[in-house]
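S.K.: Starting off with a structure, shown below.
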Amino acid sequence: MEIADEELRRPVRPRVGRTGFLNCVPLFWGLARTAALLSIDLVEDTPDALAQRLLAGDLDVATVPVADYLLNRDRLVLLPGIATSSDGPVMSCAIVSKVPIVGLEGRTFAIASSSPTCGRLAQLLLKRQEVEGPRYVTSSEDLRAALQEADAIALTGDEVLRYAVDRAARGGLHVYDLGALWRRWTGLPFVFGVWAVRRDVAARAPHMVREVHGALLAARDLAMTEAAELARRAAEWEVFDAVTLEHYFTRALDYSLSDRQLAGLTEFARCTGHEDFTVDTTGPSAVFAPIT
């Protein structure tokens with residue numbers, strides 16, 4: 001059966017990448033409730049893989065770890081006003097250790113390959129607490145498997161959230177919330193993930209970027225107004241109760257990218273060797289996609 005030329009020219013949905021973690025559930029809920037899912041091709045992957053796929057051209061817009069954004073900001077621009085951050089305990093990004101944090105000097109410390117931002121933040125905070133000489137290794141996100149070879153691991157995700165909620169699940173392990181440690185150190189929020197688009201895509205398809213950006217903002221806003229119902233429905237399928245999930249979605253996490261979050265992002269950039277990072281909104285080095 002031959003396909004007519006007009007069939008081949010039909011618009012292709014924007015390819016939008018999200019993680020499979022619970023922290024993306026509010027946006028998924030909002031996209032479904034606003035019917036925006038009909039207008040995008042939503043792709044699920046790990047945070048590090050989403051960054052790689054965005055850079056490779058497999059995705060048009062994606063949520064990516066802030067560490068990956070900083071390394072590739074010459075090729076990426078942010079969508080304004082939306083991110084994944086915390087202004088204190090985040091509950092799902094932590095150091096999980098067999099020993100107290102001060103006892104990690106000279107020990108083996110694993111960094112989950114899927115959590116580059118979490119790992120970099122952990123390294124900064126260990127140095128801040130004068131824990132010298134850990135031997136850093138890369139591991140999978142399998143916490144139990146990693147701790148068979150290492151004394152501690154930095155990772156993000158739903159398993160960490162379970163440890164934050166259920167002390168009995170820890171089995172004697174020490175859990176240090178990285179959002180809380182960063183807030184105690186700097187007094188600022190920490191931005192874990194940002195929504196980004198490649199600069200060439202922003203320049204070539206500004207209308208598409210505007211549409212996706214608007215859909216994400218609307219999805220976030222609707223999810224926050226329906227947080228109680230969202231948490232109740234999510235709790236039917238998760239190991240967490242509705243009260244815990246509503247707290248996680250609305251109190252632990254912050255999906256905005258305000259001046260305070262940008263200040264936290266700028267401080268993290270400075271601490272990780274990106275001293276030239278500034279929140280410039282105009283010109284060829286603009287931080288944000290030209291979507292106004």
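Quick note on naming: the chains in the structure tokens go A, B, ... in the order shown, residues restart at 1 in each chain, and ligands are numbered from 1 in order of appearance.
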Could you give me, as a list of chain:residue names, each residue of stretch 37-104 of chain A that DSSP assigns to strand (DSSP E or B) when run on this structure's backbone?
M.R.: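 Answer for stretch 37-104 of chain A, restricted to strand (DSSP E or B): A:Asp41, A:Leu42, A:Val43, A:Glu44, A:Val61, A:Ala62, A:Thr63, A:Val64, A:Pro65, A:Leu76, A:Val77, A:Leu78, A:Leu79, A:Pro80, A:Gly81, A:Ile82, A:Ala83, A:Thr84, A:Ser85, A:Ser86, A:Cys93, A:Ala94, A:Ile95, A:Val96, A:Ser97.
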S.K.: Could you pull out all residues of stretch 217-253 of chain A with a DSSP call of helix (DSSP H, G or I) and give them as a PyMOL selection string?
M.R.: chain A and resi 217-225+227-235+242-252
S.K.: Could you turn the residues from that selection into a file that holds N, CA, C and O atoms, as an mmCIF file, in the first residue's frame?
M.R.:
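Output file again.cif follows:
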```cif
data_model
loop_
_atom_site.group_PDB
_atom_site.id
_atom_site.type_symbol
_atom_site.label_atom_id
_atom_site.label_comp_id
_atom_site.auth_asym_id
_atom_site.auth_seq_id
_atom_site.Cartn_x
_atom_site.Cartn_y
_atom_site.Cartn_z
ATOM 1 N N LEU A 217 3.805 23.869 31.999
ATOM 2 C CA LEU A 217 3.395 24.794 33.052
ATOM 3 C C LEU A 217 1.943 24.549 33.465
ATOM 4 O O LEU A 217 1.616 24.529 34.662
ATOM 5 N N ALA A 218 1.079 24.346 32.473
ATOM 6 C CA ALA A 218 -0.327 24.084 32.785
ATOM 7 C C ALA A 218 -0.492 22.766 33.530
ATOM 8 O O ALA A 218 -1.293 22.661 34.463
ATOM 9 N N ALA A 219 0.292 21.761 33.134
ATOM 10 C CA ALA A 219 0.231 20.461 33.801
ATOM 11 C C ALA A 219 0.678 20.574 35.248
ATOM 12 O O ALA A 219 0.043 20.022 36.157
ATOM 13 N N ARG A 220 1.762 21.297 35.478
ATOM 14 C CA ARG A 220 2.245 21.487 36.844
ATOM 15 C C ARG A 220 1.214 22.204 37.705
ATOM 16 O O ARG A 220 0.915 21.784 38.822
ATOM 17 N N ASP A 221 0.671 23.285 37.182
ATOM 18 C CA ASP A 221 -0.276 24.077 37.965
ATOM 19 C C ASP A 221 -1.528 23.278 38.301
ATOM 20 O O ASP A 221 -2.040 23.341 39.437
ATOM 21 N N LEU A 222 -2.032 22.501 37.339
ATOM 22 C CA LEU A 222 -3.220 21.698 37.609
ATOM 23 C C LEU A 222 -2.910 20.613 38.635
ATOM 24 O O LEU A 222 -3.713 20.359 39.549
ATOM 25 N N ALA A 223 -1.753 19.974 38.509
ATOM 26 C CA ALA A 223 -1.386 18.919 39.461
ATOM 27 C C ALA A 223 -1.301 19.462 40.877
ATOM 28 O O ALA A 223 -1.695 18.785 41.838
ATOM 29 N N MET A 224 -0.792 20.668 41.053
ATOM 30 C CA MET A 224 -0.686 21.231 42.391
ATOM 31 C C MET A 224 -2.070 21.559 42.976
ATOM 32 O O MET A 224 -2.292 21.412 44.170
ATOM 33 N N THR A 225 -3.008 21.967 42.134
ATOM 34 C CA THR A 225 -4.350 22.233 42.650
ATOM 35 C C THR A 225 -5.097 20.933 42.951
ATOM 36 O O THR A 225 -6.034 20.936 43.758
ATOM 37 N N ALA A 227 -3.536 18.122 44.082
ATOM 38 C CA ALA A 227 -2.507 17.287 44.717
ATOM 39 C C ALA A 227 -3.095 16.205 45.613
ATOM 40 O O ALA A 227 -2.592 15.074 45.655
ATOM 41 N N ALA A 228 -4.144 16.522 46.352
ATOM 42 C CA ALA A 228 -4.731 15.530 47.262
ATOM 43 C C ALA A 228 -5.301 14.357 46.480
ATOM 44 O O ALA A 228 -5.094 13.186 46.840
ATOM 45 N N GLU A 229 -6.029 14.649 45.411
ATOM 46 C CA GLU A 229 -6.591 13.582 44.581
ATOM 47 C C GLU A 229 -5.494 12.805 43.865
ATOM 48 O O GLU A 229 -5.531 11.572 43.771
ATOM 49 N N LEU A 230 -4.504 13.521 43.356
ATOM 50 C CA LEU A 230 -3.352 12.872 42.717
ATOM 51 C C LEU A 230 -2.674 11.906 43.674
ATOM 52 O O LEU A 230 -2.381 10.750 43.322
ATOM 53 N N ALA A 231 -2.413 12.349 44.896
ATOM 54 C CA ALA A 231 -1.743 11.501 45.884
ATOM 55 C C ALA A 231 -2.599 10.287 46.233
ATOM 56 O O ALA A 231 -2.090 9.166 46.377
ATOM 57 N N ARG A 232 -3.907 10.497 46.367
ATOM 58 C CA ARG A 232 -4.798 9.378 46.699
ATOM 59 C C ARG A 232 -4.795 8.325 45.604
ATOM 60 O O ARG A 232 -4.699 7.115 45.866
ATOM 61 N N ARG A 233 -4.846 8.782 44.367
ATOM 62 C CA ARG A 233 -4.865 7.841 43.244
ATOM 63 C C ARG A 233 -3.517 7.141 43.095
ATOM 64 O O ARG A 233 -3.463 5.928 42.826
ATOM 65 N N ALA A 234 -2.422 7.891 43.256
ATOM 66 C CA ALA A 234 -1.093 7.290 43.130
ATOM 67 C C ALA A 234 -0.844 6.261 44.227
ATOM 68 O O ALA A 234 -0.191 5.235 44.009
ATOM 69 N N ALA A 235 -1.371 6.524 45.421
ATOM 70 C CA ALA A 235 -1.163 5.616 46.557
ATOM 71 C C ALA A 235 -1.799 4.251 46.331
ATOM 72 O O ALA A 235 -1.413 3.265 46.979
ATOM 73 N N ALA A 242 -1.130 8.061 50.879
ATOM 74 C CA ALA A 242 -1.509 9.315 50.236
ATOM 75 C C ALA A 242 -0.938 10.531 50.961
ATOM 76 O O ALA A 242 -0.544 11.514 50.328
ATOM 77 N N VAL A 243 -0.886 10.485 52.291
ATOM 78 C CA VAL A 243 -0.344 11.613 53.064
ATOM 79 C C VAL A 243 1.118 11.834 52.715
ATOM 80 O O VAL A 243 1.571 12.974 52.496
ATOM 81 N N THR A 244 1.883 10.752 52.639
ATOM 82 C CA THR A 244 3.303 10.853 52.303
ATOM 83 C C THR A 244 3.480 11.408 50.894
ATOM 84 O O THR A 244 4.311 12.294 50.662
ATOM 85 N N LEU A 245 2.709 10.910 49.956
ATOM 86 C CA LEU A 245 2.854 11.357 48.573
ATOM 87 C C LEU A 245 2.457 12.815 48.396
ATOM 88 O O LEU A 245 3.122 13.568 47.677
ATOM 89 N N GLU A 246 1.388 13.236 49.065
ATOM 90 C CA GLU A 246 1.001 14.644 48.945
ATOM 91 C C GLU A 246 2.087 15.549 49.528
ATOM 92 O O GLU A 246 2.407 16.608 48.957
ATOM 93 N N HIS A 247 2.671 15.144 50.656
ATOM 94 C CA HIS A 247 3.774 15.920 51.229
ATOM 95 C C HIS A 247 4.950 15.962 50.260
ATOM 96 O O HIS A 247 5.562 17.027 50.056
ATOM 97 N N TYR A 248 5.277 14.837 49.671
ATOM 98 C CA TYR A 248 6.409 14.759 48.734
ATOM 99 C C TYR A 248 6.179 15.656 47.521
ATOM 100 O O TYR A 248 7.069 16.418 47.121
ATOM 101 N N PHE A 249 4.985 15.590 46.947
ATOM 102 C CA PHE A 249 4.696 16.354 45.739
ATOM 103 C C PHE A 249 4.606 17.854 45.991
ATOM 104 O O PHE A 249 4.948 18.650 45.101
ATOM 105 N N THR A 250 4.136 18.258 47.174
ATOM 106 C CA THR A 250 3.820 19.672 47.384
ATOM 107 C C THR A 250 4.747 20.389 48.356
ATOM 108 O O THR A 250 4.831 21.624 48.322
ATOM 109 N N ARG A 251 5.431 19.649 49.236
ATOM 110 C CA ARG A 251 6.279 20.272 50.248
ATOM 111 C C ARG A 251 7.763 19.969 50.037
ATOM 112 O O ARG A 251 8.601 20.879 50.128
ATOM 113 N N ALA A 252 8.076 18.698 49.795
ATOM 114 C CA ALA A 252 9.484 18.337 49.594
ATOM 115 C C ALA A 252 9.975 18.837 48.237
ATOM 116 O O ALA A 252 11.058 19.413 48.132
#
```
S.K.: Would you write out, as a tab-separated table, a table of all residues in stretch 182-244 of chain A that have an atom no more than 9 Å from an atom of stretch 114-133 of chain A, listing for each the closest atom pair and the distance in Å to one decimal, considering only C-alpha atoms and ordering rows by chain and rising residue number?
M.R.:
```
residue	atom	partner	partner_atom	distance
A:Trp182	CA	A:Leu125	CA	7.4
A:Trp185	CA	A:Arg128	CA	8.4
A:Phe192	CA	A:Thr117	CA	6.6
A:Gly193	CA	A:Thr117	CA	8.3
```
S.K.: Using only C-alpha atoms, determine which residues lie at most 7 Å from stretch 157-159 of chain A, disregarding the query and same-chain residues fewer than 5 positions distant; provide the list as a compact mmCIF listing (two decimals) with N, CA, C and O atoms, in the first residue's frame.
M.R.:
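This went into selection06.txt:
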```txt
# COMPACT_ATOMS: atom_id res chain seq x y z
N PHE A 21 10.51 8.16 37.64
CA PHE A 21 10.44 8.32 39.09
C PHE A 21 9.13 9.01 39.48
O PHE A 21 8.50 9.71 38.70
N LEU A 22 8.79 8.86 40.76
CA LEU A 22 7.59 9.49 41.28
C LEU A 22 7.63 11.01 41.18
O LEU A 22 6.58 11.66 41.12
N SER A 92 14.20 12.20 48.24
CA SER A 92 14.50 11.17 47.24
C SER A 92 15.89 11.32 46.61
O SER A 92 16.15 10.77 45.55
N CYS A 93 16.77 12.06 47.25
CA CYS A 93 18.16 12.18 46.80
C CYS A 93 19.02 12.19 48.05
O CYS A 93 18.90 13.10 48.88
```
S.K.: So how many Å separate atom CA of A:Arg167 and atom CA of A:Val96, to one decimal?
M.R.: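 According to the coordinates, atom CA of A:Arg167 and atom CA of A:Val96 are separated by 12.3 Å.
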S.K.: Counting only C-alpha atoms, which residue out of A:Arg13, A:Arg162, A:Arg18, A:Arg184 sits closest to A:Met91?
M.R.: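 Of A:Arg13, A:Arg162, A:Arg18, A:Arg184, the one nearest A:Met91 is A:Arg162, counting only C-alpha atoms.
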S.K.: Which distance in Å separates atom CA of A:Leu257 and atom CA of A:Leu78, to one decimal?
M.R.: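 Computing it gives 10.0 Å between the two atoms.
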S.K.: Where does stretch 170-234 of chain A meet stretch 43-63 of chain A within 7 Å, residue by residue, with the nearest atom pair and distance in Å to one decimal for each, counting only C-alpha atoms, listed by chain and rising number, as a tab-separated table?
M.R.:
```
residue	atom	partner	partner_atom	distance
A:Gly193	CA	A:Thr63	CA	6.2
A:Val194	CA	A:Thr63	CA	5.4
A:Trp195	CA	A:Thr63	CA	4.3
A:Ala196	CA	A:Ala62	CA	5.7
A:Val197	CA	A:Val61	CA	4.7
```
S.K.: Nearest residue to A:Thr266 out of A:Val25, A:Leu79, A:Leu181, A:Val66, using only C-alpha atoms?
M.R.: A:Val66
S.K.: How far is it from atom CA of A:Arg15 to atom CA of A:Phe277, in Å with one decimal?
M.R.: 27.9 Å
S.K.: Considering only C-alpha atoms, state which residue in the set A:Arg270, A:Val239, A:Trp29, A:Arg135 is at the smallest distance from A:Leu161.
M.R.: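 Using only C-alpha atoms, A:Leu161 sits closest to A:Val239.
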S.K.: Of the residues A:Gly106, A:Pro65, A:Gly187, A:Gly179, which is the one nearest to A:Ala94, using only C-alpha atoms?
M.R.: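 Smallest separation from A:Ala94 among the options: A:Gly179.
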S.K.: Ranking A:Gly17, A:Pro290, A:Gly273, A:Pro284 by minimum distance to A:Leu71 and counting only C-alpha atoms, which one comes first?
M.R.: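 Going through A:Gly17, A:Pro290, A:Gly273, A:Pro284 one by one, the smallest distance to A:Leu71 is for A:Gly273.
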S.K.: Which is closest to A:His274 among A:Thr108, A:Ser139, A:Ser113, A:Asn72, if we use only C-alpha atoms?
M.R.: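 The closest residue to A:His274 is A:Asn72.
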S.K.: Identify, on the basis of only C-alpha atoms, every residue whose closest approach to A:Leu188 does not exceed 7 Å; exclude the query and any residue fewer than 6 positions from it along the same chain; express the result as a PyMOL selection string.
M.R.: chain A and resi 87+260+264
